[in-house]
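Undergrad: Structure file work.cif (mmCIF, C-alpha atoms (C1' of nucleotides)) is given on the next line.
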```cif
data_query
loop_
_atom_site.label_atom_id
_atom_site.label_comp_id
_atom_site.auth_asym_id
_atom_site.auth_seq_id
_atom_site.Cartn_x
_atom_site.Cartn_y
_atom_site.Cartn_z
CA MET A 794 84.99 69.88 106.84
CA ARG A 795 87.91 68.13 108.42
CA VAL A 796 88.70 64.73 109.83
CA SER A 797 89.74 64.80 113.48
CA ALA A 798 92.73 63.02 114.91
CA LYS A 799 90.34 60.97 116.97
CA ALA A 800 88.46 59.63 113.96
CA ASP A 801 91.68 58.94 112.15
CA TYR A 802 93.11 57.10 115.16
CA ALA A 803 89.90 55.14 115.65
CA VAL A 804 89.89 53.84 112.11
CA ARG A 805 93.56 52.94 112.23
CA ALA A 806 93.15 51.06 115.48
CA ALA A 807 90.12 49.25 114.11
CA VAL A 808 92.04 48.25 111.01
CA GLU A 809 94.78 46.88 113.18
CA LEU A 810 92.22 44.82 115.09
CA ALA A 811 90.81 43.60 111.82
CA ALA A 812 94.26 42.54 110.70
CA ALA A 813 94.82 40.60 113.91
CA GLY A 814 91.92 38.35 113.08
CA GLU A 815 89.98 36.03 115.34
CA GLY A 816 92.83 34.76 117.49
CA GLU A 817 93.99 36.35 120.71
CA PRO A 818 92.94 39.79 121.88
CA VAL A 819 95.28 42.63 120.95
CA LYS A 820 96.71 44.78 123.72
CA GLY A 821 96.17 48.50 123.69
CA GLU A 822 99.87 49.07 123.83
CA ARG A 823 100.50 47.05 120.70
CA LEU A 824 97.86 49.03 118.84
CA ALA A 825 99.40 52.26 120.07
CA THR A 826 102.90 51.43 118.96
CA SER A 827 102.04 49.82 115.65
CA GLN A 828 99.95 52.82 114.60
CA ASP A 829 101.92 55.42 116.54
CA ILE A 830 99.04 56.69 118.64
CA PRO A 831 99.39 58.05 122.22
CA LEU A 832 98.40 55.12 124.39
CA GLN A 833 96.24 56.88 126.95
CA PHE A 834 94.32 58.75 124.32
CA LEU A 835 93.85 55.57 122.36
CA GLU A 836 92.41 53.81 125.39
CA HIS A 837 89.67 56.42 125.57
CA ILE A 838 88.93 55.92 121.93
CA LEU A 839 88.80 52.15 122.30
CA LEU A 840 86.47 52.56 125.21
CA GLU A 841 84.13 54.60 123.06
CA LEU A 842 84.28 51.97 120.36
CA LYS A 843 83.42 49.40 122.98
CA HIS A 844 80.48 51.44 124.25
CA GLN A 845 79.19 51.68 120.70
CA GLY A 846 79.40 47.90 120.42
CA LEU A 847 82.06 47.81 117.73
CA VAL A 848 84.79 46.38 119.89
CA ARG A 849 85.01 43.98 122.81
CA ALA A 850 87.65 43.85 125.50
CA ARG A 851 88.97 41.71 128.32
CA ARG A 852 91.26 42.80 131.13
CA GLY A 853 94.14 41.09 132.78
CA ALA A 854 96.90 38.91 131.43
CA LYS A 855 95.88 37.65 128.00
CA GLY A 856 93.50 40.59 127.89
CA GLY A 857 93.09 43.07 125.08
CA TYR A 858 90.67 44.24 122.42
CA TRP A 859 89.00 42.57 119.46
CA LEU A 860 86.30 43.38 116.94
CA ALA A 861 82.75 42.55 117.95
CA ARG A 862 81.82 41.79 114.35
CA PRO A 863 83.65 40.28 111.38
CA ALA A 864 85.92 42.83 109.69
CA ASP A 865 83.96 42.70 106.47
CA GLU A 866 80.83 43.80 108.31
CA VAL A 867 82.32 46.93 109.84
CA THR A 868 82.54 50.00 107.64
CA VAL A 869 84.69 53.06 108.07
CA ALA A 870 81.49 55.04 108.54
CA ASP A 871 80.61 52.89 111.56
CA VAL A 872 83.91 53.71 113.20
CA VAL A 873 83.81 57.41 112.39
CA ARG A 874 80.27 57.75 113.67
CA ALA A 875 81.15 55.93 116.87
CA VAL A 876 83.65 58.60 117.84
CA GLU A 877 82.43 61.71 116.02
CA GLY A 878 78.69 61.32 115.80
CA PRO A 879 76.67 62.04 112.68
CA ILE A 880 78.66 62.75 109.55
CA ALA A 881 78.42 66.12 107.77
CA ASN A 882 76.21 67.96 110.19
CA VAL A 883 75.77 71.67 109.56
CA GLN A 884 76.03 73.80 112.69
CA SER A 885 75.54 70.58 114.68
CA MET A 886 72.20 69.96 112.96
CA PRO A 887 71.46 67.28 110.40
CA PRO A 888 71.08 69.06 107.06
CA GLU A 889 67.63 67.71 106.33
CA THR A 890 66.24 69.58 109.34
CA ILE A 891 67.50 72.99 108.28
CA GLU A 892 65.25 75.61 106.73
CA TYR A 893 66.96 78.32 104.75
CA ALA A 894 65.39 81.68 104.03
CA GLY A 895 64.62 82.92 100.54
CA ASN A 896 67.56 82.93 98.21
CA ALA A 897 69.49 80.31 100.11
CA GLU A 898 66.76 77.67 99.95
CA ALA A 899 68.66 75.37 97.63
CA LEU A 900 71.65 75.32 99.94
CA ARG A 901 70.12 72.56 101.98
CA ASP A 902 70.18 70.29 98.98
CA VAL A 903 73.86 71.01 98.55
CA TRP A 904 74.65 69.86 102.06
CA ILE A 905 72.46 66.80 101.55
CA ALA A 906 74.38 65.98 98.41
CA VAL A 907 77.70 66.42 100.17
CA ARG A 908 76.65 64.10 102.93
CA ALA A 909 75.40 61.52 100.48
CA ASN A 910 78.71 61.61 98.66
CA ILE A 911 80.73 61.23 101.82
CA ARG A 912 78.58 58.31 102.86
CA SER A 913 78.97 56.65 99.52
CA VAL A 914 82.65 56.30 100.28
CA LEU A 915 82.70 55.65 104.00
CA GLU A 916 79.78 53.24 104.07
CA ASN A 917 81.20 51.13 101.29
CA VAL A 918 84.68 50.57 102.60
CA THR A 919 85.01 47.89 105.25
CA LEU A 920 87.87 47.20 107.61
CA ALA A 921 88.52 44.02 105.67
CA ASP A 922 88.90 46.08 102.49
CA LEU A 923 91.49 48.23 104.19
CA VAL A 924 93.49 45.30 105.51
CA ALA A 925 93.50 43.75 102.06
CA SER A 926 94.23 47.13 100.46
CA GLU A 927 91.44 46.43 98.03
CA LEU A 928 88.90 49.19 97.93
CA PRO A 929 85.53 48.89 96.17
CA ALA A 930 85.60 49.75 92.49
CA SER A 931 83.58 52.93 92.97
CA VAL A 932 86.16 54.22 95.43
CA GLU A 933 89.12 53.13 93.35
CA ALA A 934 87.61 55.08 90.50
CA LEU A 935 87.83 58.23 92.58
CA THR A 936 91.43 57.74 93.63
CA ALA A 937 92.38 56.91 90.06
CA GLU A 938 91.51 60.48 89.02
CA PRO A 939 94.79 62.44 89.10
CA ASP A 940 92.80 65.54 90.06
CA SER A 941 91.76 63.90 93.31
CA TRP A 942 95.35 64.12 94.47
CA ALA A 943 95.76 67.82 93.78
CA ALA A 944 96.04 69.97 96.88
CA ARG A 945 93.45 72.66 96.96
CA MET B 1169 83.25 66.01 109.32
CA ARG B 1170 80.97 68.93 110.00
CA VAL B 1171 80.14 72.24 108.41
CA SER B 1172 80.77 75.24 110.67
CA ALA B 1173 78.33 78.07 111.23
CA LYS B 1174 80.88 80.35 109.67
CA ALA B 1175 80.98 78.45 106.41
CA ASP B 1176 77.23 78.18 106.34
CA TYR B 1177 76.84 81.91 106.96
CA ALA B 1178 79.46 82.76 104.37
CA VAL B 1179 77.71 80.84 101.65
CA ARG B 1180 74.32 82.28 102.54
CA ALA B 1181 75.65 85.82 102.51
CA ALA B 1182 77.36 85.20 99.20
CA VAL B 1183 74.14 83.84 97.73
CA GLU B 1184 72.36 86.95 98.87
CA LEU B 1185 74.96 89.09 97.16
CA ALA B 1186 74.57 87.01 94.04
CA ALA B 1187 70.83 87.55 94.14
CA ALA B 1188 71.28 91.30 94.45
CA GLY B 1189 73.03 91.41 91.12
CA GLU B 1190 75.20 94.09 89.64
CA GLY B 1191 73.31 97.14 90.88
CA GLU B 1192 73.97 98.90 94.14
CA PRO B 1193 76.12 97.47 96.91
CA VAL B 1194 74.27 95.57 99.61
CA LYS B 1195 74.65 96.72 103.20
CA GLY B 1196 75.91 94.34 105.81
CA GLU B 1197 72.84 94.91 107.87
CA ARG B 1198 70.54 93.86 105.06
CA LEU B 1199 72.49 90.66 104.56
CA ALA B 1200 72.35 89.99 108.28
CA THR B 1201 68.61 90.41 108.59
CA SER B 1202 67.63 88.66 105.39
CA GLN B 1203 69.66 85.58 106.30
CA ASP B 1204 69.31 85.92 110.05
CA ILE B 1205 73.01 86.14 110.84
CA PRO B 1206 74.49 88.12 113.77
CA LEU B 1207 75.65 91.36 112.16
CA GLN B 1208 79.01 91.75 113.83
CA PHE B 1209 79.96 88.19 113.20
CA LEU B 1210 78.89 88.53 109.60
CA GLU B 1211 81.07 91.57 109.14
CA HIS B 1212 84.11 89.54 110.08
CA ILE B 1213 83.14 86.89 107.61
CA LEU B 1214 82.59 89.42 104.84
CA LEU B 1215 85.96 90.88 105.60
CA GLU B 1216 87.55 87.48 105.15
CA LEU B 1217 85.73 87.04 101.88
CA LYS B 1218 87.03 90.42 100.83
CA HIS B 1219 90.60 89.52 101.78
CA GLN B 1220 90.28 86.38 99.70
CA GLY B 1221 89.18 88.49 96.75
CA LEU B 1222 85.68 87.06 96.48
CA VAL B 1223 83.89 90.19 97.58
CA ARG B 1224 84.41 93.94 97.25
CA ALA B 1225 83.18 96.66 99.55
CA ARG B 1226 82.78 100.39 99.84
CA ARG B 1227 82.16 102.38 103.00
CA GLY B 1228 79.91 105.27 103.73
CA ALA B 1229 76.47 106.17 102.53
CA LYS B 1230 75.64 104.11 99.45
CA GLY B 1231 78.32 101.72 100.63
CA GLY B 1232 78.03 97.98 101.03
CA TYR B 1233 79.29 94.71 99.62
CA TRP B 1234 79.16 93.09 96.21
CA LEU B 1235 80.66 90.07 94.49
CA ALA B 1236 84.04 90.56 92.85
CA ARG B 1237 83.18 88.06 90.13
CA PRO B 1238 80.00 87.08 88.29
CA ALA B 1239 77.82 84.78 90.36
CA ASP B 1240 78.17 81.94 87.89
CA GLU B 1241 81.93 82.00 88.30
CA VAL B 1242 81.94 81.60 92.07
CA THR B 1243 81.48 78.11 93.46
CA VAL B 1244 80.41 77.07 96.92
CA ALA B 1245 83.85 75.53 97.31
CA ASP B 1246 85.44 78.94 96.76
CA VAL B 1247 83.40 80.43 99.57
CA VAL B 1248 83.94 77.57 101.98
CA ARG B 1249 87.68 77.55 101.36
CA ALA B 1250 87.85 81.29 101.91
CA VAL B 1251 86.64 80.97 105.47
CA GLU B 1252 87.61 77.43 106.45
CA GLY B 1253 90.74 76.70 104.49
CA PRO B 1254 91.34 73.43 102.67
CA ILE B 1255 88.42 71.03 102.52
CA ALA B 1256 88.63 67.58 104.11
CA ASN B 1257 92.00 67.82 105.77
CA VAL B 1258 92.92 65.01 108.11
CA GLN B 1259 94.47 66.18 111.38
CA SER B 1260 95.04 69.54 109.66
CA MET B 1261 97.12 67.88 106.97
CA PRO B 1262 96.13 67.38 103.35
CA PRO B 1263 95.43 63.66 102.92
CA GLU B 1264 97.88 63.16 100.10
CA THR B 1265 100.78 64.05 102.40
CA ILE B 1266 99.97 61.44 105.03
CA GLU B 1267 101.86 58.19 105.34
CA TYR B 1268 100.10 55.42 107.17
CA ALA B 1269 101.94 52.49 108.71
CA GLY B 1270 101.41 48.91 107.66
CA ASN B 1271 97.83 47.73 107.76
CA ALA B 1272 96.35 51.20 107.49
CA GLU B 1273 98.12 52.06 104.25
CA ALA B 1274 94.97 52.08 102.16
CA LEU B 1275 93.30 54.53 104.51
CA ARG B 1276 94.92 57.45 102.75
CA ASP B 1277 93.09 56.52 99.56
CA VAL B 1278 89.83 56.55 101.46
CA TRP B 1279 90.36 60.11 102.62
CA ILE B 1280 91.41 61.10 99.11
CA ALA B 1281 88.21 59.60 97.76
CA VAL B 1282 86.14 61.39 100.36
CA ARG B 1283 87.71 64.68 99.48
CA ALA B 1284 87.21 64.10 95.78
CA ASN B 1285 83.56 63.37 96.36
CA ILE B 1286 83.02 66.47 98.46
CA ARG B 1287 84.72 68.56 95.83
CA SER B 1288 82.61 67.10 93.09
CA VAL B 1289 79.62 68.69 94.74
CA LEU B 1290 81.02 71.95 96.09
CA GLU B 1291 83.09 72.82 93.05
CA ASN B 1292 80.22 72.28 90.68
CA VAL B 1293 77.58 74.38 92.36
CA THR B 1294 77.84 78.11 91.72
CA LEU B 1295 76.16 80.95 93.53
CA ALA B 1296 74.09 81.53 90.42
CA ASP B 1297 72.84 77.93 90.62
CA LEU B 1298 71.75 78.49 94.18
CA VAL B 1299 69.91 81.71 93.42
CA ALA B 1300 68.11 80.01 90.56
CA SER B 1301 67.51 76.90 92.68
CA GLU B 1302 68.81 74.85 89.79
CA LEU B 1303 71.61 72.55 90.79
CA PRO B 1304 73.76 70.66 88.29
CA ALA B 1305 72.34 67.33 87.18
CA SER B 1306 75.03 65.35 89.01
CA VAL B 1307 74.06 67.00 92.26
CA GLU B 1308 70.32 66.72 91.67
CA ALA B 1309 70.89 63.02 91.16
CA LEU B 1310 72.25 62.76 94.68
CA THR B 1311 69.41 64.64 96.31
CA ALA B 1312 66.88 62.60 94.34
CA GLU B 1313 67.97 59.47 96.21
CA PRO B 1314 65.58 59.04 99.15
CA ASP B 1315 68.38 57.47 101.13
CA SER B 1316 70.32 60.73 101.01
CA TRP B 1317 67.68 62.26 103.27
CA ALA B 1318 67.85 59.60 105.93
CA ALA B 1319 69.37 60.73 109.19
CA ARG B 1320 72.28 58.61 110.22
"C1'" DG C 1100 98.67 36.61 145.78
"C1'" DC C 1101 100.40 38.82 141.98
"C1'" DA C 1102 101.20 40.67 137.62
"C1'" DC C 1103 98.89 42.28 133.90
"C1'" DT C 1104 95.58 45.01 131.33
"C1'" DC C 1105 91.40 47.29 130.69
"C1'" DT C 1106 88.08 50.94 132.94
"C1'" DC C 1107 87.00 55.36 133.72
"C1'" DG C 1108 86.60 59.70 135.98
"C1'" DA C 1109 89.37 63.90 136.78
"C1'" DC C 1110 92.17 67.00 135.05
"C1'" DC C 1111 94.84 69.88 131.81
"C1'" DT C 1112 96.27 73.10 128.01
"C1'" DA C 1113 95.63 75.07 123.58
"C1'" DA C 1114 92.97 76.15 119.97
"C1'" DG C 1115 88.84 77.10 117.57
"C1'" DA C 1116 83.91 78.41 117.29
"C1'" DA C 1117 80.83 81.93 117.75
"C1'" DG C 1118 80.10 86.24 118.86
"C1'" DT C 1119 80.53 91.23 121.01
"C1'" DC C 1120 82.57 95.95 121.50
"C1'" DG C 1121 84.37 100.03 120.28
"C1'" DA C 1122 87.39 103.16 117.91
"C1'" DG C 1123 88.56 104.67 113.52
"C1'" DA C 1124 88.71 105.44 108.42
"C1'" DA C 1125 86.53 106.20 103.96
"C1'" DA C 1126 82.55 107.79 101.27
"C1'" DG C 1127 78.67 110.43 100.15
"C1'" DT C 1128 75.48 114.37 101.28
"C1'" DC C 1129 74.25 118.93 102.42
"C1'" DG D 1073 83.53 121.40 106.27
"C1'" DA D 1074 80.38 119.08 109.12
"C1'" DC D 1075 77.70 115.12 109.42
"C1'" DT D 1076 76.01 110.70 108.74
"C1'" DT D 1077 76.57 106.30 107.10
"C1'" DT D 1078 78.91 102.07 106.63
"C1'" DC D 1079 82.81 99.32 106.30
"C1'" DT D 1080 87.48 98.07 108.85
"C1'" DC D 1081 89.68 95.71 112.19
"C1'" DG D 1082 91.94 94.73 116.45
"C1'" DA D 1083 90.78 93.35 121.16
"C1'" DC D 1084 88.15 90.75 124.03
"C1'" DT D 1085 84.86 87.18 125.82
"C1'" DT D 1086 82.72 82.77 126.55
"C1'" DC D 1087 82.12 78.14 125.54
"C1'" DT D 1088 83.26 73.93 123.49
"C1'" DT D 1089 86.23 70.68 121.40
"C1'" DA D 1090 90.64 68.62 120.40
"C1'" DG D 1091 94.07 66.24 122.04
"C1'" DG D 1092 96.16 64.37 125.69
"C1'" DT D 1093 97.80 62.95 130.70
"C1'" DC D 1094 97.27 60.84 135.44
"C1'" DG D 1095 96.04 57.79 138.73
"C1'" DA D 1096 93.01 54.74 141.26
"C1'" DG D 1097 90.42 50.72 140.71
"C1'" DA D 1098 88.50 46.38 138.97
"C1'" DG D 1099 88.61 42.03 136.37
"C1'" DT D 1100 91.49 38.07 134.62
"C1'" DG D 1101 94.84 34.41 134.33
"C1'" DC D 1102 98.47 31.97 136.46
#
```
For this file, produce the structure as structure tokens.
TA:
Amino acid sequence: MRVSAKADYAVRAAVELAAAGEGEPVKGERLATSQDIPLQFLEHILLELKHQGLVRARRGAKGGYWLARPADEVTVADVVRAVEGPIANVQSMPPETIEYAGNAEALRDVWIAVRANIRSVLENVTLADLVASELPASVEALTAEPDSWAAR
Amino acid sequence: MRVSAKADYAVRAAVELAAAGEGEPVKGERLATSQDIPLQFLEHILLELKHQGLVRARRGAKGGYWLARPADEVTVADVVRAVEGPIANVQSMPPETIEYAGNAEALRDVWIAVRANIRSVLENVTLADLVASELPASVEALTAEPDSWAAR
DNA sequence: GCACTCTCGACCTAAGAAGTCGAGAAAGTC
DNA sequence: GACTTTCTCGACTTCTTAGGTCGAGAGTGC
């Protein structure tokens, strides 16, 4: 139930690409410094994003990375899945495939509900939303709750 | 963004204890077999639950484990936190303490929203709910969505 | 040709996940 | 008091992942 550094870095780098817009490609080094991410590690992450078709790249002078799709068509969920795989797996298995014995039967539905609720945030926030700092109303509603900010 | 075997086991064992009710303590071995959990691993988990005050235990003949509180006062979140620590940390840090640079500023709110949404499920389902297979309406609503069951 | 920048496999260390082992301590029974 | 049962708990193992570094190579633009 935690977000890895890799996923966090991936989203931040993607946001930075989104902010750069359609112009020139952005160099890995600029991404690394502007978001304070170790360069070599970031390159691996960008490569994964490229393999998943989210990002494109060109080498050489004037080279760099850019988004393969418009920023408002890439969700945070896309980026997280690209580097971490399926969201909210239980014991590395998708929850809908798990069979629980006897008393624990209903537990599967709990994990399903958790996954659905995570998705409802991550699949509805796009990179463009992040750049603009304007999250969808349903997400804003959650952050508006003071209780959401309580450590626990 | 995944649920560990440990957390899964912990909840299942706790549900089994809840189902056993107030009578005699339940032996570790019975929990292990009824939920198909490696016994020795389970004992460590039960010990953690005991240290966190969720479970009590007695040794010897007639010994075993039982819930420290009524089953309808223990939530799934309590059990998960007992063995995994804080839910939905980012890079091992609570999301509200993270400062993102520039373009990624709004990302913190996304993680906060994710955490809030996870909590809204886990903190509202009790062990008693699971034993009865009757989840709160807000959770049932999520599992009723066909889309929640789609692998992705 | 040369500088620049991505590509990508190899490697590394530390930590965590998942589990096993075995000695010991408390509790009940006879 | 001896004996059995069952929890207690530290030590240990194995495997994977997290997080990161290094260095050679390949494509690009000038």
Undergrad: Taking all atoms listed in the file into account and nothing else, which residues of chain D lie no more than 7 Å away from chain B? Please answer as a PyMOL selection string.
TA: chain D and resi 1077-1079
Undergrad: Give me, as a ChimeraX atom specification, all polymer residues having an atom no more than 9 Å from A:Arg795, counting only C-alpha atoms (C1' of nucleotides) and skipping those fewer than 5 positions away in the same chain.
TA: /B:1169-1171,1254-1260
Undergrad: Evaluate the PyMOL selection byres ((chain A and resi 808-814) around 6) and record the selected residues as an mmCIF file with C-alpha atoms, keeping the file's coordinate frame, following the chain and residue labels used in the document.
TA:
```
data_model
loop_
_atom_site.group_PDB
_atom_site.id
_atom_site.type_symbol
_atom_site.label_atom_id
_atom_site.label_comp_id
_atom_site.auth_asym_id
_atom_site.auth_seq_id
_atom_site.Cartn_x
_atom_site.Cartn_y
_atom_site.Cartn_z
ATOM 1 C CA ARG A 805 93.560 52.940 112.230
ATOM 2 C CA ALA A 806 93.150 51.060 115.480
ATOM 3 C CA ALA A 807 90.120 49.250 114.110
ATOM 4 C CA GLU A 815 89.980 36.030 115.340
ATOM 5 C CA GLY A 816 92.830 34.760 117.490
ATOM 6 C CA TRP A 859 89.000 42.570 119.460
ATOM 7 C CA ALA A 864 85.920 42.830 109.690
ATOM 8 C CA LEU A 920 87.870 47.200 107.610
ATOM 9 C CA VAL A 924 93.490 45.300 105.510
#
```
Undergrad: Could you work out how far atom C1' of D:DA1074 lies from atom CA of B:Gln1208, giving the answer in Å with one decimal?
TA: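 Distance between the two atoms: 27.8 Å.
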Undergrad: Would you kindly report the residues of chain C within 6 Å of chain A, using only C-alpha atoms (C1' of nucleotides), as a ChimeraX atom specification?
TA: /C:1103-1105
Undergrad: If we count all atoms listed in the file and set the cut-off at 12 Å, which residues sit around A:Ala897, ignoring sequence neighbours fewer than 2 positions away in its own chain? Please answer as a PyMOL selection string.
TA: (chain A and resi 891-895+899-904) or (chain B and resi 1176-1187+1199+1202-1204+1244+1295-1302)
Undergrad: Residue by residue, what does the PyMOL selection byres ((chain B and resi 1320) around 12) grab here? Present the result as a compact mmCIF listing (two decimals) with C-alpha atoms, in the coordinates of the input.
TA:
```txt
# COMPACT_ATOMS: atom_id res chain seq x y z
CA ALA A 870 81.49 55.04 108.54
CA ASP A 871 80.61 52.89 111.56
CA VAL A 873 83.81 57.41 112.39
CA ARG A 874 80.27 57.75 113.67
CA ALA A 875 81.15 55.93 116.87
CA GLY A 878 78.69 61.32 115.80
CA PRO A 879 76.67 62.04 112.68
CA ILE A 880 78.66 62.75 109.55
CA ALA A 881 78.42 66.12 107.77
CA ASN A 882 76.21 67.96 110.19
CA MET A 886 72.20 69.96 112.96
CA PRO A 887 71.46 67.28 110.40
CA PRO A 888 71.08 69.06 107.06
CA GLU A 889 67.63 67.71 106.33
CA ILE A 905 72.46 66.80 101.55
CA ARG A 908 76.65 64.10 102.93
CA ALA A 909 75.40 61.52 100.48
CA ARG A 912 78.58 58.31 102.86
CA GLU A 916 79.78 53.24 104.07
CA ASP B 1315 68.38 57.47 101.13
CA SER B 1316 70.32 60.73 101.01
CA TRP B 1317 67.68 62.26 103.27
CA ALA B 1318 67.85 59.60 105.93
CA ALA B 1319 69.37 60.73 109.19
```
Undergrad: Please compute the atom CA of A:Phe834-atom CA of A:Thr868 distance, one decimal, in Å.
TA: 22.2 Å
Undergrad: So the first atom is atom CA of B:Leu1222 and the second is atom CA of B:Leu1210; what is the distance between them in Å, to one decimal place?
TA: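 One can read the atom CA of B:Leu1222 to atom CA of B:Leu1210 distance as 14.8 Å.
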Undergrad: Using all atoms listed in the file, find the one residue out of A:Ala906, A:Ser913, A:Pro939, A:Leu832 that sits nearest to chain B.
TA: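 The closest residue to chain B is A:Ala906.
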Undergrad: List the spatial neighbours of B:Val1223 as a count of residues only - criterion: any atom at most 8 Å away, all atoms listed in the file, same-chain residues fewer than 3 positions off excluded.
TA: 10
Undergrad: Residues within 10 Å of stretch 1089-1092 of chain D, please, as an MDAnalysis selection string. Count only C-alpha atoms (C1' of nucleotides); anything in the same chain fewer than 3 positions from it doesn't count.
TA: (chainID A and resid 797:799 831:835) or (chainID C and resid 1111:1116)
Undergrad: Here is a test: counting all atoms listed in the file, which residue of D:DC1087, D:DA1096, D:DT1080, D:DC1075 is nearest to C:DA1125?
TA: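 Going through D:DC1087, D:DA1096, D:DT1080, D:DC1075 one by one, the smallest distance to C:DA1125 is for D:DT1080.
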Undergrad: Would you write out, as a PDB file with C-alpha atoms (C1' of nucleotides), in the coordinates of the input, every residue that the PyMOL selection byres ((chain C and resi 1120-1122) around 10) captures in this file?
TA:
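Writing the result to part09.pdb gives the following:
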```pdb
ATOM      1  CA  GLN B1208      79.010  91.750 113.830  1.00  0.00           C
TER       2      GLN B1208
ATOM      3  C1'  DT C1119      80.530  91.230 121.010  1.00  0.00           C
ATOM      4  C1'  DG C1123      88.560 104.670 113.520  1.00  0.00           C
ATOM      5  C1'  DA C1124      88.710 105.440 108.420  1.00  0.00           C
TER       6       DA C1124
ATOM      7  C1'  DC D1081      89.680  95.710 112.190  1.00  0.00           C
ATOM      8  C1'  DG D1082      91.940  94.730 116.450  1.00  0.00           C
ATOM      9  C1'  DA D1083      90.780  93.350 121.160  1.00  0.00           C
ATOM     10  C1'  DC D1084      88.150  90.750 124.030  1.00  0.00           C
TER      11       DC D1084
END
```
Undergrad: Taking all atoms listed in the file into account, name the residue in A:Val876, A:Val914, A:Ile838, A:Ala930 that is nearest to chain B.
TA: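 Closest to chain B, using all atoms listed in the file: A:Val914.
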Undergrad: Please return stretch 848-864 of chain A, rebuilt to N, CA and C atoms, as a short mmCIF file (atom, residue, chain, number, x, y, z; two decimals), keeping the file's coordinate frame.
TA:
```cif
data_model
loop_
_atom_site.label_atom_id
_atom_site.label_comp_id
_atom_site.auth_asym_id
_atom_site.auth_seq_id
_atom_site.Cartn_x
_atom_site.Cartn_y
_atom_site.Cartn_z
N VAL A 848 83.60 47.06 119.40
CA VAL A 848 84.79 46.38 119.89
C VAL A 848 84.43 45.69 121.20
N ARG A 849 85.13 44.60 121.50
CA ARG A 849 85.01 43.98 122.81
C ARG A 849 86.39 43.98 123.47
N ALA A 850 86.38 43.79 124.79
CA ALA A 850 87.65 43.85 125.50
C ALA A 850 87.64 42.91 126.69
N ARG A 851 88.81 42.48 127.08
CA ARG A 851 88.97 41.71 128.32
C ARG A 851 90.20 42.23 129.04
N ARG A 852 90.12 42.30 130.37
CA ARG A 852 91.26 42.80 131.13
C ARG A 852 92.17 41.66 131.56
N GLY A 853 93.24 42.08 132.20
CA GLY A 853 94.14 41.09 132.78
C GLY A 853 95.13 40.50 131.77
N ALA A 854 95.96 39.62 132.30
CA ALA A 854 96.90 38.91 131.43
C ALA A 854 96.07 38.26 130.34
N LYS A 855 96.61 38.19 129.16
CA LYS A 855 95.88 37.65 128.00
C LYS A 855 94.68 38.51 127.63
N GLY A 856 94.60 39.69 128.23
CA GLY A 856 93.50 40.59 127.89
C GLY A 856 93.82 41.36 126.62
N GLY A 857 92.90 42.26 126.27
CA GLY A 857 93.09 43.07 125.08
C GLY A 857 91.77 43.37 124.39
N TYR A 858 91.87 43.84 123.17
CA TYR A 858 90.67 44.24 122.42
C TYR A 858 90.52 43.38 121.18
N TRP A 859 89.26 43.20 120.75
CA TRP A 859 89.00 42.57 119.46
C TRP A 859 87.69 43.09 118.88
N LEU A 860 87.51 42.88 117.60
CA LEU A 860 86.30 43.38 116.94
C LEU A 860 85.09 42.57 117.36
N ALA A 861 83.98 43.24 117.56
CA ALA A 861 82.75 42.55 117.95
C ALA A 861 82.10 41.87 116.74
N ARG A 862 82.40 42.36 115.56
CA ARG A 862 81.82 41.79 114.35
C ARG A 862 82.94 41.44 113.36
N PRO A 863 82.64 40.58 112.39
CA PRO A 863 83.65 40.28 111.38
C PRO A 863 84.09 41.55 110.66
N ALA A 864 85.35 41.61 110.28
CA ALA A 864 85.92 42.83 109.69
C ALA A 864 85.23 43.25 108.40
#
```
